[in-house]
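Next comes data_8.cif, a file with mmCIF, C-alpha atoms and all ligand atoms.
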data_run
#
loop_
_atom_site.label_atom_id
_atom_site.label_comp_id
_atom_site.auth_asym_id
_atom_site.auth_seq_id
_atom_site.Cartn_x
_atom_site.Cartn_y
_atom_site.Cartn_z
CA MET A 1 -44.19 -51.01 -176.45
CA GLN A 2 -40.90 -51.72 -178.21
CA VAL A 3 -38.26 -53.43 -176.09
CA CYS A 4 -34.68 -54.04 -177.25
CA LYS A 5 -34.28 -57.58 -178.59
CA LYS A 6 -30.91 -58.00 -176.91
CA CYS A 7 -31.35 -56.31 -173.51
CA VAL A 8 -34.54 -55.34 -171.62
CA LEU A 9 -34.69 -51.56 -172.16
CA PRO A 10 -38.00 -50.22 -173.51
CA GLU A 11 -38.65 -47.36 -175.92
CA THR A 12 -39.38 -45.03 -172.97
CA TYR A 13 -35.75 -45.20 -171.81
CA PRO A 14 -34.05 -41.77 -172.21
CA GLY A 15 -31.89 -41.48 -175.32
CA ILE A 16 -32.77 -44.90 -176.71
CA SER A 17 -33.05 -45.73 -180.41
CA PHE A 18 -33.30 -49.02 -182.24
CA ASP A 19 -31.69 -50.33 -185.42
CA GLU A 20 -33.66 -52.26 -188.03
CA ASP A 21 -33.11 -55.52 -186.12
CA GLY A 22 -34.64 -54.01 -182.99
CA ILE A 23 -31.32 -53.73 -181.10
CA CYS A 24 -30.88 -50.59 -178.97
CA ASN A 25 -28.04 -48.08 -179.34
CA PHE A 26 -26.74 -48.95 -175.84
CA CYS A 27 -26.23 -52.58 -176.84
CA LEU A 28 -24.62 -51.51 -180.09
CA GLU A 29 -22.22 -49.17 -178.29
CA PHE A 30 -21.39 -51.62 -175.54
CA VAL A 31 -17.73 -51.67 -174.65
CA SER A 32 -16.61 -55.20 -173.98
CA ARG A 33 -14.99 -56.33 -170.77
CA GLU A 34 -11.81 -57.10 -172.65
CA LYS A 35 -11.41 -53.44 -173.48
CA GLU A 36 -12.01 -52.39 -169.87
CA GLU A 37 -9.35 -54.81 -168.72
CA ALA A 38 -6.92 -53.52 -171.29
CA GLU A 39 -7.35 -50.12 -169.66
CA GLY A 40 -5.45 -51.36 -166.68
CA HIS A 41 -7.47 -53.21 -164.07
CA PHE A 42 -5.89 -55.96 -162.05
CA THR A 43 -6.52 -59.27 -163.68
CA ASP A 44 -5.13 -61.62 -161.07
CA GLU A 45 -5.77 -61.86 -157.37
CA THR A 46 -2.15 -62.10 -156.31
CA ALA A 47 -1.23 -58.77 -157.90
CA LEU A 48 -4.22 -57.09 -156.33
CA LYS A 49 -3.40 -58.58 -152.94
CA LYS A 50 0.08 -57.14 -153.17
CA ALA A 51 -1.23 -53.71 -154.13
CA LEU A 52 -3.61 -53.74 -151.16
CA GLU A 53 -0.76 -54.57 -148.74
CA LYS A 54 -0.03 -50.92 -148.03
CA TYR A 55 -3.46 -50.46 -146.48
CA LYS A 56 -2.39 -52.92 -143.77
CA ASN A 57 0.49 -50.76 -142.69
CA LEU A 58 -1.42 -47.64 -141.74
CA LYS A 59 -1.44 -48.52 -138.03
CA ARG A 60 -5.18 -48.11 -137.92
CA LYS A 61 -7.72 -50.41 -136.37
CA TYR A 62 -9.31 -51.08 -139.75
CA ASP A 63 -7.67 -51.42 -143.15
CA LEU A 64 -10.85 -50.71 -145.07
CA LEU A 65 -14.60 -50.34 -144.88
CA VAL A 66 -16.86 -52.94 -146.49
CA PRO A 67 -20.55 -52.13 -146.92
CA LEU A 68 -22.58 -55.33 -146.59
CA SER A 69 -26.20 -55.60 -147.69
CA GLY A 70 -26.61 -59.29 -146.92
CA GLY A 71 -27.12 -60.13 -150.59
CA LEU A 72 -24.85 -62.47 -152.51
CA ASP A 73 -22.55 -59.93 -154.15
CA SER A 74 -21.56 -58.12 -150.99
CA CYS A 75 -21.24 -61.32 -148.92
CA PHE A 76 -18.96 -62.90 -151.49
CA THR A 77 -16.84 -59.73 -151.61
CA LEU A 78 -16.38 -59.72 -147.85
CA VAL A 79 -15.33 -63.37 -147.76
CA LYS A 80 -12.71 -62.65 -150.42
CA ILE A 81 -11.41 -59.55 -148.66
CA VAL A 82 -10.94 -61.32 -145.34
CA GLU A 83 -9.80 -64.75 -146.45
CA ARG A 84 -7.97 -64.11 -149.69
CA PHE A 85 -6.64 -60.58 -149.25
CA GLU A 86 -6.25 -60.88 -145.45
CA LEU A 87 -7.42 -57.34 -144.80
CA LYS A 88 -9.09 -56.22 -141.59
CA PRO A 89 -12.41 -54.62 -142.43
CA MET A 90 -14.94 -52.61 -140.57
CA VAL A 91 -18.17 -54.03 -141.92
CA PHE A 92 -21.06 -51.67 -142.25
CA HIS A 93 -24.72 -52.47 -142.82
CA SER A 94 -27.26 -49.77 -143.50
CA ASP A 95 -30.76 -50.43 -142.19
CA HIS A 96 -33.06 -47.88 -143.76
CA GLY A 97 -36.22 -49.21 -142.14
CA TRP A 98 -37.47 -51.72 -144.72
CA ASP A 99 -34.62 -54.15 -144.58
CA ASP A 100 -35.48 -57.83 -145.03
CA PRO A 101 -34.76 -59.57 -141.68
CA THR A 102 -33.20 -62.47 -143.63
CA ALA A 103 -30.63 -60.05 -145.05
CA THR A 104 -29.78 -58.69 -141.62
CA ARG A 105 -29.37 -62.26 -140.31
CA ASN A 106 -27.06 -63.05 -143.24
CA VAL A 107 -24.97 -60.02 -142.32
CA GLU A 108 -24.73 -61.01 -138.67
CA LYS A 109 -23.98 -64.66 -139.40
CA LEU A 110 -21.24 -63.84 -141.88
CA CYS A 111 -19.52 -61.30 -139.60
CA LYS A 112 -19.59 -63.79 -136.74
CA GLU A 113 -18.21 -66.52 -138.96
CA LEU A 114 -15.38 -64.29 -140.21
CA ASP A 115 -14.86 -62.71 -136.78
CA VAL A 116 -14.97 -59.12 -138.00
CA ASP A 117 -16.45 -55.95 -136.51
CA LEU A 118 -19.91 -55.03 -137.72
CA LEU A 119 -21.59 -51.67 -137.42
CA ILE A 120 -25.31 -51.42 -138.22
CA TRP A 121 -26.44 -47.94 -139.12
CA LYS A 122 -30.14 -47.41 -138.41
CA ASN A 123 -31.24 -44.53 -140.57
CA ASP A 124 -33.48 -41.76 -139.36
CA LEU A 125 -36.88 -43.21 -140.26
CA LYS A 126 -38.64 -39.88 -140.41
CA PHE A 127 -36.14 -38.74 -143.02
CA MET A 128 -36.33 -41.98 -145.02
CA ARG A 129 -40.16 -41.98 -145.01
CA LYS A 130 -40.09 -38.46 -146.36
CA LEU A 131 -37.52 -39.39 -148.99
CA PHE A 132 -39.66 -42.26 -150.27
CA LYS A 133 -42.78 -40.10 -150.22
CA ILE A 134 -41.16 -37.21 -152.12
CA PHE A 135 -39.62 -39.36 -154.84
CA ASN A 136 -42.61 -41.68 -155.21
CA GLU A 137 -45.03 -38.80 -155.63
CA SER A 138 -42.71 -36.86 -157.94
CA ASP A 139 -43.42 -36.66 -161.66
CA GLU A 140 -39.68 -36.47 -162.35
CA ILE A 141 -39.45 -39.81 -164.07
CA ASP A 142 -35.68 -39.92 -164.55
CA VAL A 143 -35.09 -40.28 -160.82
CA SER A 144 -36.23 -43.46 -159.14
CA PRO A 145 -36.93 -43.42 -155.38
CA CYS A 146 -34.50 -46.35 -155.25
CA TYR A 147 -31.78 -44.15 -156.70
CA ALA A 148 -32.37 -41.40 -154.13
CA CYS A 149 -32.29 -43.96 -151.31
CA GLY A 150 -29.29 -45.83 -152.68
CA ASN A 151 -27.30 -42.62 -152.68
CA MET A 152 -28.13 -41.96 -149.05
CA LEU A 153 -26.92 -45.42 -148.03
CA TYR A 154 -23.79 -44.99 -150.12
CA LEU A 155 -23.06 -41.64 -148.46
CA ASN A 156 -23.48 -43.26 -145.03
CA GLY A 157 -20.54 -45.46 -145.96
CA LEU A 158 -18.36 -42.52 -146.94
CA GLU A 159 -19.30 -40.70 -143.75
CA LEU A 160 -18.29 -43.69 -141.63
CA ALA A 161 -15.02 -44.19 -143.50
CA ASP A 162 -14.25 -40.53 -142.94
CA HIS A 163 -15.17 -40.72 -139.27
CA PHE A 164 -12.86 -43.66 -138.63
CA GLY A 165 -10.09 -42.32 -140.87
CA ILE A 166 -10.36 -45.26 -143.28
CA PRO A 167 -9.02 -44.35 -146.74
CA LEU A 168 -10.45 -47.35 -148.63
CA VAL A 169 -13.94 -48.69 -149.29
CA ILE A 170 -14.50 -51.89 -151.26
CA ASN A 171 -18.08 -52.53 -152.21
CA GLY A 172 -19.65 -55.69 -153.58
CA TYR A 173 -22.03 -53.98 -155.94
CA SER A 174 -23.13 -56.01 -158.89
CA LYS A 175 -21.85 -54.87 -162.24
CA GLY A 176 -25.12 -53.23 -163.21
CA GLN A 177 -25.63 -51.41 -159.91
CA ALA A 178 -22.36 -49.57 -160.18
CA ALA A 179 -22.72 -48.47 -163.79
CA MET A 180 -23.97 -45.04 -162.67
CA MET A 181 -20.83 -44.36 -160.72
CA PHE A 182 -18.81 -44.13 -163.89
CA ASP A 183 -21.32 -41.92 -165.70
CA LYS A 184 -20.52 -38.53 -164.18
CA GLU A 185 -22.67 -36.55 -166.58
CA LYS A 186 -25.76 -38.59 -165.87
CA SER A 187 -25.29 -38.54 -162.12
CA GLN A 188 -24.87 -34.74 -162.17
CA ASP A 189 -28.03 -34.43 -164.21
CA TRP A 190 -29.92 -36.67 -161.79
CA TYR A 191 -28.56 -34.79 -158.79
CA GLY A 192 -29.99 -31.58 -160.25
CA LYS A 193 -33.31 -33.30 -160.80
CA MET A 194 -33.37 -34.60 -157.23
CA ILE A 195 -32.66 -31.12 -155.89
CA ASN A 196 -35.45 -29.60 -158.00
CA THR A 197 -37.86 -32.28 -156.85
CA ILE A 198 -37.08 -31.54 -153.21
CA LEU A 199 -37.25 -27.77 -153.69
CA GLU A 200 -40.72 -28.13 -155.19
CA THR A 201 -41.96 -29.66 -151.94
CA GLY A 202 -40.87 -26.51 -150.04
CA ASP A 203 -39.48 -28.69 -147.25
CA ARG A 204 -36.43 -26.66 -146.20
CA GLU A 205 -35.36 -28.99 -143.41
CA PHE A 206 -35.34 -32.03 -145.67
CA PHE A 207 -33.50 -30.09 -148.35
CA GLU A 208 -30.76 -29.11 -145.92
CA THR A 209 -30.27 -32.60 -144.51
CA PHE A 210 -30.19 -34.05 -148.01
CA THR A 211 -27.68 -31.59 -149.48
CA LYS A 212 -25.46 -31.64 -146.40
CA LYS A 213 -25.13 -35.39 -146.70
CA TRP A 214 -23.96 -34.91 -150.26
CA GLU A 215 -20.93 -32.85 -149.26
CA MET A 216 -19.12 -36.06 -148.34
CA LEU A 217 -18.88 -36.90 -152.04
CA LYS A 218 -16.02 -34.40 -152.37
CA LYS A 219 -13.79 -36.84 -150.50
CA GLN A 220 -14.36 -39.82 -152.74
CA VAL A 221 -12.19 -41.05 -155.57
CA ILE A 222 -13.72 -43.81 -157.67
CA TYR A 223 -11.24 -46.47 -158.70
CA SER A 224 -10.45 -46.16 -162.38
CA GLY A 225 -7.49 -48.49 -162.85
CA ARG A 226 -4.50 -50.05 -161.13
CA ALA A 227 -2.62 -46.75 -160.86
CA ASP A 228 -5.12 -45.70 -158.17
CA LEU A 229 -3.84 -48.52 -155.97
CA GLU A 230 -0.21 -48.30 -156.98
CA ASN A 231 0.16 -44.59 -156.20
CA PRO A 232 0.81 -43.56 -152.58
CA ILE A 233 -2.29 -43.33 -150.38
CA ASP A 234 -3.88 -39.88 -150.27
CA SER A 235 -5.07 -39.63 -146.68
CA GLU A 236 -7.37 -36.72 -147.53
CA LYS A 237 -9.39 -38.88 -149.89
CA ILE A 238 -11.38 -42.09 -149.73
CA LEU A 239 -10.72 -44.54 -152.55
CA PHE A 240 -13.85 -46.41 -153.55
CA ILE A 241 -13.53 -49.73 -155.38
CA PRO A 242 -16.55 -51.53 -156.83
CA PHE A 243 -15.28 -55.09 -156.58
CA PHE A 244 -16.84 -56.29 -159.82
CA VAL A 245 -14.22 -54.43 -161.87
CA PHE A 246 -11.82 -57.31 -161.30
CA LYS A 247 -11.84 -60.18 -163.74
CA PHE A 248 -11.85 -62.82 -161.02
CA TYR A 249 -15.06 -61.49 -159.60
CA GLN A 250 -17.85 -64.07 -159.72
CA THR A 251 -21.04 -62.84 -161.29
CA ASP A 252 -22.70 -66.18 -161.75
CA LYS A 253 -25.40 -65.90 -159.08
CA GLU A 254 -25.77 -69.67 -158.69
CA GLU A 255 -22.03 -70.01 -158.07
CA LEU A 256 -22.11 -67.13 -155.55
CA LYS A 257 -25.03 -68.78 -153.81
CA ARG A 258 -23.17 -72.06 -153.54
CA ILE A 259 -20.09 -70.36 -152.05
CA CYS A 260 -22.10 -68.31 -149.55
CA ARG A 261 -24.30 -71.25 -148.50
CA GLU A 262 -21.28 -73.43 -147.87
CA ARG A 263 -19.39 -70.73 -146.05
CA PHE A 264 -22.00 -69.45 -143.60
CA ASP A 265 -25.42 -70.88 -144.41
CA TRP A 266 -26.51 -67.88 -146.46
CA GLN A 267 -30.30 -67.73 -146.85
CA PRO A 268 -32.24 -66.20 -149.74
CA MET A 269 -34.97 -63.63 -149.10
CA LYS A 270 -38.43 -65.21 -149.13
CA VAL A 271 -39.86 -62.77 -151.62
CA SER A 272 -37.95 -60.11 -153.46
CA TYR A 273 -38.05 -57.82 -156.44
CA PRO A 274 -36.35 -58.49 -158.76
CA ALA A 275 -36.72 -62.21 -158.12
CA ARG A 276 -33.69 -63.96 -156.58
CA THR A 277 -31.99 -60.78 -155.34
CA THR A 278 -32.12 -57.60 -153.17
CA ASN A 279 -32.79 -57.15 -149.50
CA CYS A 280 -35.30 -54.33 -149.33
CA GLU A 281 -39.07 -54.32 -149.14
CA MET A 282 -39.54 -50.76 -150.35
CA ILE A 283 -38.18 -51.73 -153.77
CA TRP A 284 -41.61 -53.27 -154.47
CA LEU A 285 -43.37 -49.94 -154.14
CA ASN A 286 -40.63 -47.92 -155.83
CA SER A 287 -40.59 -50.34 -158.76
CA TYR A 288 -44.38 -50.28 -159.01
CA ARG A 289 -44.18 -46.50 -159.33
CA ASP A 290 -41.31 -46.64 -161.82
CA LEU A 291 -42.99 -49.27 -163.99
CA ASN A 292 -46.25 -47.33 -164.04
CA LYS A 293 -44.66 -43.99 -164.81
CA ARG A 294 -41.89 -44.96 -167.22
CA ASN A 295 -42.09 -48.70 -168.01
CA TYR A 296 -38.73 -49.60 -166.54
CA THR A 297 -37.00 -49.77 -163.17
CA HIS A 298 -33.34 -49.11 -162.47
CA TYR A 299 -33.01 -52.89 -162.42
CA HIS A 300 -33.83 -52.94 -166.12
CA ASP A 301 -30.74 -50.79 -166.50
CA GLU A 302 -28.69 -53.03 -164.27
CA TYR A 303 -29.81 -56.27 -165.88
CA SER A 304 -29.26 -54.89 -169.38
CA THR A 305 -25.62 -54.27 -168.45
CA ILE A 306 -25.30 -57.82 -167.16
CA ILE A 307 -26.94 -59.25 -170.30
CA ARG A 308 -24.54 -57.30 -172.52
CA ALA A 309 -21.61 -58.65 -170.52
CA GLY A 310 -22.93 -62.13 -171.30
CA GLU A 311 -23.56 -63.01 -167.66
CA MET A 312 -27.33 -63.42 -167.73
CA THR A 313 -29.72 -64.42 -170.47
CA ARG A 314 -32.39 -62.00 -171.62
CA ASP A 315 -35.10 -64.58 -170.85
CA GLN A 316 -33.88 -64.97 -167.28
CA ALA A 317 -33.77 -61.18 -166.83
CA LEU A 318 -37.31 -60.76 -168.17
CA LYS A 319 -38.51 -63.45 -165.80
CA ASP A 320 -36.77 -61.90 -162.79
CA LEU A 321 -38.11 -58.46 -163.67
CA GLU A 322 -41.79 -59.39 -163.70
CA LEU A 323 -43.47 -57.52 -160.87
CA ASN A 324 -45.84 -59.77 -158.93
CA PRO A 325 -46.09 -58.26 -155.45
CA PRO A 326 -47.53 -60.36 -152.61
CA PRO A 327 -51.17 -59.38 -151.90
CA GLY A 328 -51.60 -56.28 -149.74
CA LEU A 329 -47.89 -55.41 -149.71
CA LEU A 330 -48.03 -52.30 -151.94
CA GLU A 331 -50.97 -50.91 -149.97
CA ARG A 332 -49.16 -51.42 -146.67
CA LEU A 333 -45.93 -49.81 -147.90
CA ALA A 334 -47.83 -46.87 -149.41
CA LYS A 335 -49.56 -46.33 -146.09
CA GLU A 336 -46.28 -46.44 -144.20
CA ILE A 337 -44.85 -43.57 -146.22
CA ASP A 338 -48.17 -41.74 -146.47
CA VAL A 339 -48.78 -41.88 -150.21
CA ASP A 340 -51.93 -42.80 -152.10
CA PRO A 341 -51.20 -45.85 -154.31
CA GLU A 342 -53.43 -44.21 -156.95
CA ASP A 343 -50.87 -41.39 -157.24
CA LEU A 344 -48.22 -43.89 -158.29
CA LYS A 345 -50.06 -44.79 -161.48
ZN ZN A 401 -30.37 -53.16 -175.85
#
If you convert what's in this file into structure tokens, what do you get?
Ligand SMILES: [Zn+2]
Amino acid sequence: MQVCKKCVLPETYPGISFDEDGICNFCLEFVSREKEEAEGHFTDETALKKALEKYKNLKRKYDLLVPLSGGLDSCFTLVKIVERFELKPMVFHSDHGWDDPTATRNVEKLCKELDVDLLIWKNDLKFMRKLFKIFNESDEIDVSPCYACGNMLYLNGLELADHFGIPLVINGYSKGQAAMMFDKEKSQDWYGKMINTILETGDREFFETFTKKWEMLKKQVIYSGRADLENPIDSEKILFIPFFVFKFYQTDKEELKRICRERFDWQPMKVSYPARTTNCEMIWLNSYRDLNKRNYTHYHDEYSTIIRAGEMTRDQALKDLELNPPPGLLERLAKEIDVDPEDLK
């Protein structure tokens, strides 16, 4: 199995090719951060704070919605939003059924410490079980069960923002997680593949719930540069900002950890995949399936982006991406969503 010598993408990754030094085309085509910044993102906090001012004057209970997973990236983002930008958030945590209790405690502790409103959305477990079953059993290798789930949680956020009339969402995704958002072609392709996968199961009810949820996407505008914040607010739309786009965002995990520990006694998950991150148990099973069927997880994608940006070493990424599940865990998770672990090979 050939793996890129610079990032961690293997030869099974769609569209990959390698040069004679064993470097993949994605690394070779990588657009540096400097170029992104030149395209017009805010580069200092004070200017961004000023641009966000107008969201305070909407005479609404909340200035913005902040999804909070309980991991480092989202916790750090919330601290910044409240203490540095002085915005009043509605904080939203999505519990899809396999949430790590440590993550939920982090969420509760931080919201208490910052004195902000927190809404925990407990997802319909029957629906989520079915979602994990369908996408784990599927032979459609481009779509990870984690991707299907992640979209549902993301759409919960948009639905809430819409319900409360909040025109702004700022999310503490890591740089790699959000890469998909900017790749419209790929996400359309994957949406089509998800729909086909669901149609093949013949489950009409699931299909309808799934596609209905997707309608909310029409309302979203993904932040593409400072003009999006400088133009007047479009109250029909919801502006979505992945916080990592700003230069002052901290991506050094050890530094984030230090800040979050100091601020509200943030605790790491006891076991997680990839190591040192995430807040969800089901990732173990989804990643097991993805590694068996295609030799990479969506974290390989995410970490490759972070490596290219020079914010993680390849050795560290490879170490974090080794899958060593605790004994019995995969079997238990498979049972909970009614799949045969043998089918995931
Ligand atoms: Zn590469």
>> Using only C-alpha atoms and all ligand atoms for the distances, tell me which of A:Ile238, A:Leu321, A:Leu87, A:Ile307 is nearest to ligand ZN 401 (chain A).
In response: A:Ile307
> If we count all atoms listed in the file, what is near A:Gly40 at a cut-off of 9 Å, once residues fewer than 5 positions away on the same chain are taken out, given as a list in words?
Replying inline: Ser224, Gly225, Arg226 and Ala227 of chain A
Within 8 Å of stretch 257-261 of chain A, counting all atoms listed in the file, which residues qualify if same-chain residues fewer than 5 places away don't, as an mmCIF file with C-alpha atoms, keeping the file's coordinate frame?
data_model
loop_
_atom_site.group_PDB
_atom_site.id
_atom_site.type_symbol
_atom_site.label_atom_id
_atom_site.label_comp_id
_atom_site.auth_asym_id
_atom_site.auth_seq_id
_atom_site.Cartn_x
_atom_site.Cartn_y
_atom_site.Cartn_z
ATOM 1 C CA LEU A 72 -24.850 -62.470 -152.510
ATOM 2 C CA CYS A 75 -21.240 -61.320 -148.920
ATOM 3 C CA PHE A 76 -18.960 -62.900 -151.490
ATOM 4 C CA TRP A 266 -26.510 -67.880 -146.460
ATOM 5 C CA GLN A 267 -30.300 -67.730 -146.850
#
> Hey, which residues come within 9 Å of ligand ZN 401 (chain A) if we count only C-alpha atoms and all ligand atoms? Could you give them as a list in words?
Replying inline: Val3, Cys4, Lys5, Lys6, Cys7, Val8, Leu9, Pro10, Ile16, Phe18, Gly22, Ile23, Cys24, Asn25, Phe26, Cys27, Leu28, Ser304, Thr305, Ile307 and Arg308 of chain A
> Looking at A:Glu137, A:Asp117, A:Glu254, A:Asp343, which one is nearest to A:Lys61, with distances taken over all atoms listed in the file?
Replying inline: A:Asp117
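Nearest residue to A:Leu110, choosing from A:Phe264, A:Phe246, A:Phe135, A:Phe164 and counting only C-alpha atoms: A:Phe264.
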> Got a sec: who's within 12 Å of A:Ala51, counting all atoms listed in the file, leaving out chain neighbours fewer than 5 positions off, as a ChimeraX atom specification?
Replying inline: /A:41-42,44-46,56-57,85,87,225-233
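Taking atom CA of A:Leu155 and atom CA of A:Ile141 as the two end points, the separation is 22.7 Å.
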> When you draw a straight line from atom CA of A:Asp301 to atom CA of A:Gln316, how long is it in Å?
Replying inline: 14.5 Å
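One distance worth recording is that between atom CA of A:Asn324 and atom CA of A:His300, which is 15.6 Å.
Taking all atoms listed in the file into account, A:Leu217 lies nearest to A:Glu159 out of the set A:Glu20, A:Asp315, A:Glu159, A:Asp320.
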